[in-house]
file upload12.cif (mmCIF, C-alpha atoms)
data_query
#
loop_
_atom_site.group_PDB
_atom_site.id
_atom_site.type_symbol
_atom_site.label_atom_id
_atom_site.label_comp_id
_atom_site.auth_asym_id
_atom_site.auth_seq_id
_atom_site.Cartn_x
_atom_site.Cartn_y
_atom_site.Cartn_z
ATOM 1 C CA MET A 282 0.000 0.000 0.000
ATOM 2 C CA ILE A 283 1.147 3.561 -0.631
ATOM 3 C CA LEU A 284 1.446 5.740 2.473
ATOM 4 C CA LYS A 285 1.474 9.506 1.969
ATOM 5 C CA LEU A 286 2.164 11.875 4.839
ATOM 6 C CA SER A 287 4.223 14.829 5.932
ATOM 7 C CA LEU A 288 7.344 13.855 7.864
ATOM 8 C CA ASN A 289 9.136 16.675 9.640
ATOM 9 C CA GLY A 290 7.629 19.133 7.189
ATOM 10 C CA ARG A 291 8.384 17.291 3.979
ATOM 11 C CA PRO A 292 6.003 15.166 1.903
ATOM 12 C CA ILE A 293 6.679 11.427 1.893
ATOM 13 C CA SER A 294 5.187 8.723 -0.261
ATOM 14 C CA ALA A 295 6.258 5.145 0.356
ATOM 15 C CA ASP A 296 5.092 1.640 -0.454
ATOM 16 C CA ILE A 297 4.688 -0.148 2.890
ATOM 17 C CA PRO A 298 3.298 -3.426 4.188
ATOM 18 C CA ALA A 299 -0.250 -2.940 5.514
ATOM 19 C CA ASP A 300 0.783 -4.105 8.991
ATOM 20 C CA GLN A 301 3.925 -1.955 9.388
ATOM 21 C CA SER A 302 4.128 0.020 12.619
ATOM 22 C CA LEU A 303 4.681 3.744 12.531
ATOM 23 C CA LEU A 304 7.916 3.184 14.479
ATOM 24 C CA ASP A 305 9.307 0.830 11.824
ATOM 25 C CA PHE A 306 8.210 3.169 9.028
ATOM 26 C CA LEU A 307 9.907 6.166 10.665
ATOM 27 C CA ARG A 308 13.156 4.296 11.257
ATOM 28 C CA ALA A 309 13.100 3.135 7.610
ATOM 29 C CA GLN A 310 12.869 6.838 6.695
ATOM 30 C CA GLY A 311 16.071 7.557 8.683
ATOM 31 C CA CYS A 312 14.420 8.885 11.846
ATOM 32 C CA TYR A 313 16.664 7.031 14.263
ATOM 33 C CA SER A 314 15.645 9.136 17.261
ATOM 34 C CA VAL A 315 12.485 7.019 17.421
ATOM 35 C CA LYS A 316 13.506 4.176 19.723
ATOM 36 C CA ARG A 317 12.166 0.688 20.243
ATOM 37 C CA GLY A 318 11.793 -0.031 23.950
ATOM 38 C CA CYS A 319 8.964 -2.059 25.385
ATOM 39 C CA GLU A 320 6.674 -2.424 22.332
ATOM 40 C CA THR A 321 3.741 -2.359 24.775
ATOM 41 C CA SER A 322 3.169 1.422 24.976
ATOM 42 C CA ASN A 323 4.652 1.648 28.469
ATOM 43 C CA CYS A 324 8.047 3.313 28.133
ATOM 44 C CA GLY A 325 7.584 6.381 25.904
ATOM 45 C CA LEU A 326 10.789 5.835 23.912
ATOM 46 C CA CYS A 327 8.878 5.761 20.629
ATOM 47 C CA THR A 328 7.035 9.068 21.177
ATOM 48 C CA VAL A 329 6.468 11.211 18.081
ATOM 49 C CA TRP A 330 3.924 13.911 17.274
ATOM 50 C CA LEU A 331 0.958 13.159 15.071
ATOM 51 C CA ASP A 332 -0.592 16.456 13.953
ATOM 52 C CA GLY A 333 1.247 18.080 16.868
ATOM 53 C CA ALA A 334 0.071 15.697 19.613
ATOM 54 C CA PRO A 335 2.333 13.061 21.203
ATOM 55 C CA VAL A 336 1.610 9.446 20.255
ATOM 56 C CA LEU A 337 3.386 6.160 20.832
ATOM 57 C CA SER A 338 4.564 4.882 17.466
ATOM 58 C CA CYS A 339 5.429 1.316 18.504
ATOM 59 C CA ASN A 340 1.880 0.001 18.413
ATOM 60 C CA MET A 341 0.342 2.422 15.924
ATOM 61 C CA PRO A 342 -0.120 1.144 12.385
ATOM 62 C CA ALA A 343 1.694 3.462 9.980
ATOM 63 C CA VAL A 344 -1.401 3.599 7.795
ATOM 64 C CA ARG A 345 -3.170 5.605 10.545
ATOM 65 C CA ALA A 346 -0.798 8.468 9.693
ATOM 66 C CA MET A 347 -2.103 8.634 6.107
ATOM 67 C CA GLY A 348 -2.452 12.274 5.041
ATOM 68 C CA ARG A 349 -1.308 13.543 8.413
ATOM 69 C CA SER A 350 1.752 15.311 9.780
ATOM 70 C CA VAL A 351 4.341 13.335 11.759
ATOM 71 C CA THR A 352 7.136 15.056 13.659
ATOM 72 C CA THR A 353 10.115 13.276 15.176
ATOM 73 C CA LEU A 354 12.996 14.659 17.207
ATOM 74 C CA GLU A 355 14.811 15.312 13.926
ATOM 75 C CA GLY A 356 12.044 17.789 13.071
ATOM 76 C CA VAL A 357 12.524 19.826 16.259
ATOM 77 C CA ARG A 358 16.305 19.552 16.442
ATOM 78 C CA ALA A 359 17.066 23.104 17.630
ATOM 79 C CA GLN A 360 14.592 22.958 20.530
ATOM 80 C CA ALA A 361 15.679 19.422 21.352
ATOM 81 C CA GLU A 362 19.325 20.421 21.526
ATOM 82 C CA GLU A 363 18.476 23.389 23.732
ATOM 83 C CA PHE A 364 16.467 21.271 26.170
ATOM 84 C CA GLY A 365 19.183 18.588 26.004
ATOM 85 C CA GLY A 366 21.562 21.169 27.467
ATOM 86 C CA TYR A 367 19.229 21.560 30.435
ATOM 87 C CA LEU A 368 19.188 17.777 30.891
ATOM 88 C CA ALA A 369 22.981 17.646 30.796
ATOM 89 C CA ASP A 370 23.311 20.540 33.266
ATOM 90 C CA GLN A 371 21.115 18.670 35.766
ATOM 91 C CA GLY A 372 22.631 15.211 35.204
ATOM 92 C CA GLY A 373 19.403 13.984 33.640
ATOM 93 C CA ASP A 374 20.872 12.463 30.485
ATOM 94 C CA GLN A 375 22.948 9.614 31.845
ATOM 95 C CA CYS A 376 22.735 6.955 29.135
ATOM 96 C CA GLY A 377 20.533 9.124 26.916
ATOM 97 C CA PHE A 378 18.442 6.256 25.536
ATOM 98 C CA CYS A 379 15.158 7.659 26.849
ATOM 99 C CA ASN A 380 15.950 11.280 25.953
ATOM 100 C CA PRO A 381 14.250 11.460 22.520
ATOM 101 C CA GLY A 382 10.852 10.327 23.835
ATOM 102 C CA LEU A 383 11.158 12.454 26.954
ATOM 103 C CA ILE A 384 12.132 15.527 24.952
ATOM 104 C CA MET A 385 9.229 15.076 22.524
ATOM 105 C CA ASN A 386 6.828 14.923 25.474
ATOM 106 C CA VAL A 387 8.383 17.881 27.314
ATOM 107 C CA LEU A 388 8.147 20.066 24.209
ATOM 108 C CA ALA A 389 4.542 18.975 23.622
ATOM 109 C CA MET A 390 3.677 19.591 27.278
ATOM 110 C CA GLU A 391 5.136 23.078 27.108
ATOM 111 C CA ARG A 392 2.922 23.905 24.125
ATOM 112 C CA GLU A 393 -0.182 22.318 25.629
ATOM 113 C CA LEU A 394 -0.099 23.359 29.299
ATOM 114 C CA THR A 395 0.119 26.884 30.641
ATOM 115 C CA ASP A 396 2.391 27.161 33.680
ATOM 116 C CA PRO A 397 2.296 23.439 34.620
ATOM 117 C CA THR A 398 2.717 22.464 38.267
ATOM 118 C CA GLU A 399 5.036 19.658 39.356
ATOM 119 C CA ALA A 400 1.953 17.425 39.617
ATOM 120 C CA ASP A 401 0.991 18.359 36.033
ATOM 121 C CA ILE A 402 4.511 17.483 34.885
ATOM 122 C CA ASP A 403 4.413 14.131 36.698
ATOM 123 C CA GLU A 404 1.056 13.285 35.139
ATOM 124 C CA TYR A 405 2.015 14.401 31.634
ATOM 125 C CA LEU A 406 5.271 12.451 31.671
ATOM 126 C CA ALA A 407 4.013 9.365 33.523
ATOM 127 C CA GLY A 408 4.500 7.232 30.412
ATOM 128 C CA ASN A 409 8.222 7.994 30.097
ATOM 129 C CA LEU A 410 10.471 5.350 31.589
ATOM 130 C CA CYS A 411 14.082 6.110 32.554
ATOM 131 C CA ARG A 412 16.133 3.379 34.164
ATOM 132 C CA CYS A 413 19.154 5.575 34.989
ATOM 133 C CA THR A 414 18.187 8.850 36.589
ATOM 134 C CA GLY A 415 15.304 8.195 38.940
ATOM 135 C CA PHE A 416 13.545 11.207 37.375
ATOM 136 C CA VAL A 417 14.747 13.744 39.986
ATOM 137 C CA SER A 418 17.397 15.263 37.732
ATOM 138 C CA GLN A 419 15.053 15.141 34.752
ATOM 139 C CA LYS A 420 12.401 17.028 36.699
ATOM 140 C CA ARG A 421 14.974 19.658 37.757
ATOM 141 C CA ALA A 422 15.873 20.087 34.080
ATOM 142 C CA ILE A 423 12.219 20.397 33.078
ATOM 143 C CA LEU A 424 11.496 22.977 35.769
ATOM 144 C CA ALA A 425 14.572 25.000 34.762
ATOM 145 C CA TRP A 426 13.536 24.765 31.094
ATOM 146 C CA LEU A 427 10.014 25.970 31.851
ATOM 147 C CA LYS A 428 11.340 28.886 33.914
ATOM 148 C CA ARG A 429 13.955 30.034 31.397
ATOM 149 C CA GLY A 430 13.899 33.643 30.216
ATOM 150 C CA ASP A 431 12.386 34.657 26.885
ATOM 151 C CA LYS A 432 10.874 31.428 25.570
ATOM 152 C CA GLU A 433 11.397 30.997 21.877
#

call {"tool": "encode", "arguments": {"input": "upload12.cif", "output": "structure tokens"}}
result
Amino acid sequence: MILKLSLNGRPISADIPADQSLLDFLRAQGCYSVKRGCETSNCGLCTVWLDGAPVLSCNMPAVRAMGRSVTTLEGVRAQAEEFGGYLADQGGDQCGFCNPGLIMNVLAMERELTDPTEADIDEYLAGNLCRCTGFVSQKRAILAWLKRGDKE
């Protein structure tokens, strides 16, 4: 089947198997920030944006993205690198494997929520699993990011 969508702002048309996951499709397109973790929608490593909203790509059929806009970390590189600096400053990027999914959710949360509380942050990011940091340093980085001066 032919899948047509916008990937990081550019039109894509590809012949795919009907049962291909969005994760596998994106990796085949060179979007290696999209990670395979649990494959049960529990870790958040495969988070991408579908029409601007975070979704888990590991269990989503690629065909559901037909005619829609998909954004991966590669599509928000400048913001991702900036937030990555906050993670590094707070020691929240130890192995870095979970960073792409976490960053996609933090950037989406910032756009969606106005002045989120720590409880809002915990709830929004509940689906992101990190085995290294214990989340304390990540939360410090998120709070510093949200409180930074002139947001761009």

call {"tool": "atom_distance", "arguments": {"input": "upload12.cif", "atom1": "atom CA of A:Ala343", "atom2": "atom CA of A:Ser302"}}
result
5.0 Å

call {"tool": "residues_around", "arguments": {"input": "upload12.cif", "residues": "stretch 309-316 of chain A", "least_positions_apart": "6", "cutoff": "10 Å", "atoms": "all atoms listed in the file", "output": "list in words"}}
result
Leu288, Asn289, Ile293, Ala295, Leu303, Gly325, Leu326, Cys327, Thr328, Val329, Leu337, Ser338, Cys339, Thr352, Thr353, Leu354, Glu355, Gly356, Phe378, Cys379, Asn380, Pro381 and Gly382 of chain A

call {"tool": "closest_residue", "arguments": {"input": "upload12.cif", "among": "A:Gly348, A:Gly373, A:Pro298, A:Gly318", "to": "A:Lys285", "atoms": "all atoms listed in the file"}}
result
A:Gly348

call {"tool": "closest_atom_pairs", "arguments": {"input": "upload12.cif", "of": "stretch 294-373 of chain A", "to": "stretch 387-411 of chain A", "cutoff": "7 Å", "atoms": "all atoms listed in the file", "output": "Markdown table"}}
result
| residue | atom | partner | partner_atom | distance |
| --- | --- | --- | --- | --- |
| A:Asn323 | CA | A:Gly408 | CA | 5.9 |
| A:Cys324 | CA | A:Leu410 | CA | 4.7 |
| A:Gly325 | CA | A:Asn409 | CA | 4.5 |
| A:Ala334 | CA | A:Ala389 | CA | 6.8 |
| A:Pro335 | CA | A:Ala389 | CA | 6.8 |

call {"tool": "resolve_selection", "arguments": {"input": "upload12.cif", "expression": "the PyMOL selection byres ((chain A and resi 372) around 12)", "output": "list of chain:residue names"}}
result
A:Gly365, A:Gly366, A:Tyr367, A:Leu368, A:Ala369, A:Asp370, A:Gln371, A:Gly373, A:Asp374, A:Gln375, A:Cys376, A:Gly377, A:Cys413, A:Thr414, A:Gly415, A:Phe416, A:Val417, A:Ser418, A:Gln419, A:Lys420, A:Arg421, A:Ala422, A:Ile423

call {"tool": "atom_distance", "arguments": {"input": "upload12.cif", "atom1": "atom CA of A:Leu427", "atom2": "atom CA of A:Arg317"}}
result
27.9 Å
